Every structure is written in C-alpha cells, then in structure tokens.
Amino acid sequence: MHESAWMPTGLDPDVPSAARVYDYFLGGYHNLAVDREFAHRAEQTMPDLPLILRTSRRFLRRAVHYLLEQGITQFLDLGSGIPTAGNVHEIAHAAAPRSRVVYVDRDSVAMAHAALMLEGNDNAAALRADLRDPREVLRHNVVTNLLDLSQPVAVLMSAVLHFVESDVEAQSIVAGYRTAIAPGSYIAISQGTQEAAGERGEQVIRLYDQTDSPFTARDRGRFTRLFRGLDLVEPGVVYVPQWRPESPEDVDEHPELSCAYGAIGQKPLY
Ligand SMILES: C[S@@+](CC[C@H](N)C(=O)[O-])C[C@H]1O[C@@H](n2cnc3c(N)ncnc32)[C@H](O)[C@@H]1O
C-alpha cells in the first residue's frame with residue numbers, strides 16, 4: 001500500500017517512530033524509509049532484535065489468554081502500537097465475543113490505522129492519548145463508553161514502559177491506573193531489560209535516542225517495583241518466554257536473551 005493511503009498529515013518524515021519501527025520488525029507495512037533505515041541499523045547492531053520483539057508479542061497473547069481464563073472481558077491496551085497480527089481484540093473476541101477492548105497510543109499512525117480497522121466494531125475502540133496521564137485516559141469518553149470501570153478490567157502495558165525514563169514516573173503511572181480500577185482487576189506489564197544484552201544492547205538503547213521514544217531498560221528490581229500494591233500472579237516476574245509458556249516455541253534454552261521481563265499483578269480484592 002502506498003504511504004499516502006495511510007500516512008496522517010503532520011508526521012515528521014525524518015524522525016524514526018518507535019511504533020513504526022516495531023511495525024516493520026513484526027512484518028507490517030505502516031513504516032517509512034527513515035524507520036526501515038533505523039531498523040536495519042538496530043538489527044545490524046543486535047541481529048536477534050526481530051526475534052526479541054516477536055517473543056515479546058507472544059507474551060502479550062499469552063497474557064490475554066490468561067486474563068480471559070480469569071473471566072476478564074474488558075481490556076485497556078496502553079501503548080498498543082500499530083495494529084498487526086494477533087491484536088488484543090482479535091484474541092479476546094475469539095474466546096469471548098462480547099469482550100470490550102480500548103486501544104490507546106500516542107502515535108498518530110497507530111491510532112489512525114486502529115480506527116480504520118475498528119470501523120463498525122461496537123466492542124473495540126481506539127484513543128490517541130498519552131498513557132502517562134491515567135486520569136485523562138480513564139475519564140475519556142472513548143474509554144468510559146466501552147469499559148465499565150466499576151467492574152474488573154485488565155490494563156495492558158506491553159513493551160511500552162521502557163519509553164518512560166524515570167522510575168518514579170513509571171511507578172506513579174502504574175499506581176494511577178491501579179488506584180482507579182476495580183478490585184480484582186489486573187495489570188500486565190512487559191518491558192526491556194539490558195541485564196543479558198551486553199554491549200550490543202547498550203548500543204541499541206543509545207540508537208533509540210534518535211527516535212521519538214528514547215529507551216530506558218530496567219533490571220529485575222526496578223521492573224518488580226512497578227507492581228507495588230498489586231499481588232503478582234504465578235510465576236511472578238520472569239523473562240517473557242518463561243511466563244506461562246503454551247507451546248515449545250514459547251520457551252527457549254536462554255530465556256534471558258529475550259531481553260524483556262513480564263509479569264501480571266492483580267489489585268487485591270480487600
Ligand atoms: C514497542 S510498541 C508495543 C506495541 C504493543 N503493546 C505490543 O506489545 O506489541 C510501543 C508502543 O508504545 C507507544 N507509546 C510509547 N510511549 C507512549 C505514551 N507515553 N503514551 C502512549 N503510547 C506510547 C508507541 O507509540 C508504540 O506504539
């Protein structure tokens with residue numbers, strides 16, 4: 001598809017976008033030359049990067065399956081990215097057709113494409129917003145029209161909090177959503193870590209400074225502190241391939257090479 005068919009006006013074609021780079025790595029076509037050129041440089045630095053991103057995406061799918069099994073049918077997917085294969089509403093609607101999903105992303109391409117994809121779908125919607133302001137997001141009518149926040153929901157923050165630099169801010173963002181959601185709700189988070197990535201990982205992190213979304217890796221301790229006030233569900237904080245694998249392709253001999261932690265916490269009932 002030619003770019004003009006999907007590219008919103010006002011984009012800076014010279015700055016790579018983290019959302020479009022991710023789309024490129026996942027095999028999508030909503031990306032520009034500047035994104036592809038960036039992706040090639042990142043891949044040259046760290047050849048496993050496309051695999052790492054696909055592994056992270058599989059965590060999201062398993063997390064949604066788990067949440068559906070717990071009876072959750074309302075999803076707020078923050079930093080949802082450019083729609084690609086295996087979107088949350090597709091996974092959720094396959095298992096529970098009446099489940100409701102709101103996608104939130106600050107990227108204009110991501111939300112323009114999501115809005116197109118969801119036209120005529122009464123159970124899913126897209127909101128262009130910054131997840132760092134939980135109050136604004138949660139009181140927006142796109143959210144309140146679809147999600148009943150007095151009932152348990154799942155808040156998904158998959159591969160996004162590494163775009164929030166400060167630990168204090170990242171913790172306060174999670175706390176903002178945790179406070180507002182009903183007891184029994186869940187928050188699922190995955191995010192990049194540099195612990196096993198070595199010098200190549202550091203180089204890729206520095207490369208992301210050239211995009212619209214600089215990258216902050218977190219170690220296990222910093223990641224775990226995001227879940228303050230939540231009860232971690234089994235198996236707790238692990239590398240993403242170790243989080244409730246469903247098939248042999250989910251697990252790996254070296255889960256640390258996924259360079260990402262994942263976990264789900266539940267807001268206590270009392
Ligand atoms: C790596 S993609 C992850 C997509 C999807 N969640 C997944 O796991 O496959 C990160 C997305 O987060 C979005 N993002 C980054 N910071 C954000 C913010 N402050 N508010 C909303 N979206 C944000 C980016 O635009 C990008 O689309």
# chains A, B, ... in the order shown; residues from 1 in each chain; ligands from 1
$ residues_near_ligand --ligand "ligand 1" --cutoff "6 Å" --atoms "only C-alpha atoms and all ligand atoms" --output "PyMOL selection string"
chain A and resi 18-19+22+57+79-82+105-107+129-132+158-160+163
$ select_by_dssp --residues "stretch 8-252 of chain A" --states "strand (DSSP E or B)" --output "ChimeraX atom specification"
/A:74-78,100-105,124-128,154-158,186-192,231-232,238-239
$ write_last_selection --atoms "C-alpha atoms" --output "PDB file, in the first residue's frame"
ATOM      1  CA  GLN A  74     -12.597  -5.666  29.495  1.00  0.00           C
ATOM      2  CA  PHE A  75      -9.162  -4.658  28.226  1.00  0.00           C
ATOM      3  CA  LEU A  76      -7.379  -1.316  28.189  1.00  0.00           C
ATOM      4  CA  ASP A  77      -4.347  -1.787  25.955  1.00  0.00           C
ATOM      5  CA  LEU A  78      -1.940   1.106  26.608  1.00  0.00           C
ATOM      6  CA  ARG A 100     -14.507  -4.979  25.058  1.00  0.00           C
ATOM      7  CA  VAL A 101     -11.150  -3.525  24.149  1.00  0.00           C
ATOM      8  CA  VAL A 102      -9.867   0.051  24.089  1.00  0.00           C
ATOM      9  CA  TYR A 103      -6.549   0.716  22.389  1.00  0.00           C
ATOM     10  CA  VAL A 104      -4.508   3.737  23.472  1.00  0.00           C
ATOM     11  CA  ASP A 105      -1.385   5.009  21.767  1.00  0.00           C
ATOM     12  CA  ALA A 124     -13.440  -2.133  20.391  1.00  0.00           C
ATOM     13  CA  ALA A 125     -12.222   1.438  20.003  1.00  0.00           C
ATOM     14  CA  ALA A 126      -9.025   3.429  19.622  1.00  0.00           C
ATOM     15  CA  LEU A 127      -7.950   6.539  21.500  1.00  0.00           C
ATOM     16  CA  ARG A 128      -4.948   8.673  20.655  1.00  0.00           C
ATOM     17  CA  ALA A 154      -7.194  -5.721  32.513  1.00  0.00           C
ATOM     18  CA  VAL A 155      -4.765  -2.880  31.901  1.00  0.00           C
ATOM     19  CA  LEU A 156      -2.075  -3.973  29.448  1.00  0.00           C
ATOM     20  CA  MET A 157       1.268  -2.184  29.209  1.00  0.00           C
ATOM     21  CA  SER A 158       3.181  -4.421  26.884  1.00  0.00           C
ATOM     22  CA  TYR A 186      -5.223  -6.979  36.609  1.00  0.00           C
ATOM     23  CA  ILE A 187      -2.256  -5.044  35.261  1.00  0.00           C
ATOM     24  CA  ALA A 188       0.045  -6.841  32.806  1.00  0.00           C
ATOM     25  CA  ILE A 189       3.438  -5.329  32.065  1.00  0.00           C
ATOM     26  CA  SER A 190       6.403  -6.304  29.951  1.00  0.00           C
ATOM     27  CA  GLN A 191       9.450  -4.193  29.336  1.00  0.00           C
ATOM     28  CA  GLY A 192      13.008  -4.330  28.055  1.00  0.00           C
ATOM     29  CA  ASP A 231      -0.416  -9.240  44.013  1.00  0.00           C
ATOM     30  CA  LEU A 232       1.826 -10.888  41.437  1.00  0.00           C
ATOM     31  CA  VAL A 238      10.255 -13.752  34.813  1.00  0.00           C
ATOM     32  CA  TYR A 239      11.780 -13.321  31.373  1.00  0.00           C
TER      33      TYR A 239
END
$ closest_residue --among "A:Arg41, A:Arg36, A:Arg206, A:His89" --to "A:Asp14" --atoms "only C-alpha atoms"
A:Arg36
$ closest_residue --among "A:Leu118, A:Gln171, A:Thr73, A:Gly229" --to "A:His93" --atoms "only C-alpha atoms"
A:Thr73
$ atom_distance --atom1 "atom CA of A:Asp133" --atom2 "atom CA of A:Val15"
24.1 Å
$ select_by_dssp --residues "stretch 6-255 of chain A" --states "alpha helix (DSSP H)" --output "MDAnalysis selection string"
chainID A and resid 18:25 33:45 49:69 88:95 108:117 134:139 141:146 167:180 198:207 220:224
$ closest_atom_pairs --of "stretch 39-143 of chain A" --to "stretch 252-255 of chain A" --cutoff "12 Å" --atoms "only C-alpha atoms" --output "CSV"
residue,atom,partner,partner_atom,distance
A:Leu51,CA,A:Asp252,CA,11.6
A:Ile52,CA,A:Pro255,CA,10.2
A:Thr55,CA,A:Pro255,CA,9.8
A:Ser56,CA,A:Pro255,CA,11.3
$ closest_residue --among "A:Ser166, A:Thr224, A:Gln242, A:Thr211" --to "A:Val34" --atoms "only C-alpha atoms"
A:Thr211
$ closest_residue --among "A:Gly201, A:Pro97, A:Gly265, A:Pro134" --to "A:Val233" --atoms "only C-alpha atoms"
A:Gly265
$ residues_around --residues "A:Glu195" --least-positions-apart "3" --cutoff "8 Å" --atoms "only C-alpha atoms" --output "list in words"
Gly198, Asp219 and Cys259 of chain A
$ write_last_selection --atoms "C-alpha atoms" --output "mmCIF file, in the first residue's frame"
data_model
loop_
_atom_site.group_PDB
_atom_site.id
_atom_site.type_symbol
_atom_site.label_atom_id
_atom_site.label_comp_id
_atom_site.auth_asym_id
_atom_site.auth_seq_id
_atom_site.Cartn_x
_atom_site.Cartn_y
_atom_site.Cartn_z
ATOM 1 C CA GLY A 198 25.619 -6.718 26.939
ATOM 2 C CA ASP A 219 16.646 -4.595 35.748
ATOM 3 C CA CYS A 259 15.856 -9.114 26.984
#
$ atom_distance --atom1 "atom CA of A:Ala92" --atom2 "atom CA of A:Leu68"
7.1 Å
$ closest_residue --among "A:Val168, A:Ala217, A:Gly71, A:Pro13" --to "A:Gln151" --atoms "only C-alpha atoms"
A:Gly71
$ closest_residue --among "A:Glu119, A:Glu256, A:Glu199, A:Asp250" --to "A:Arg220" --atoms "only C-alpha atoms"
A:Glu256
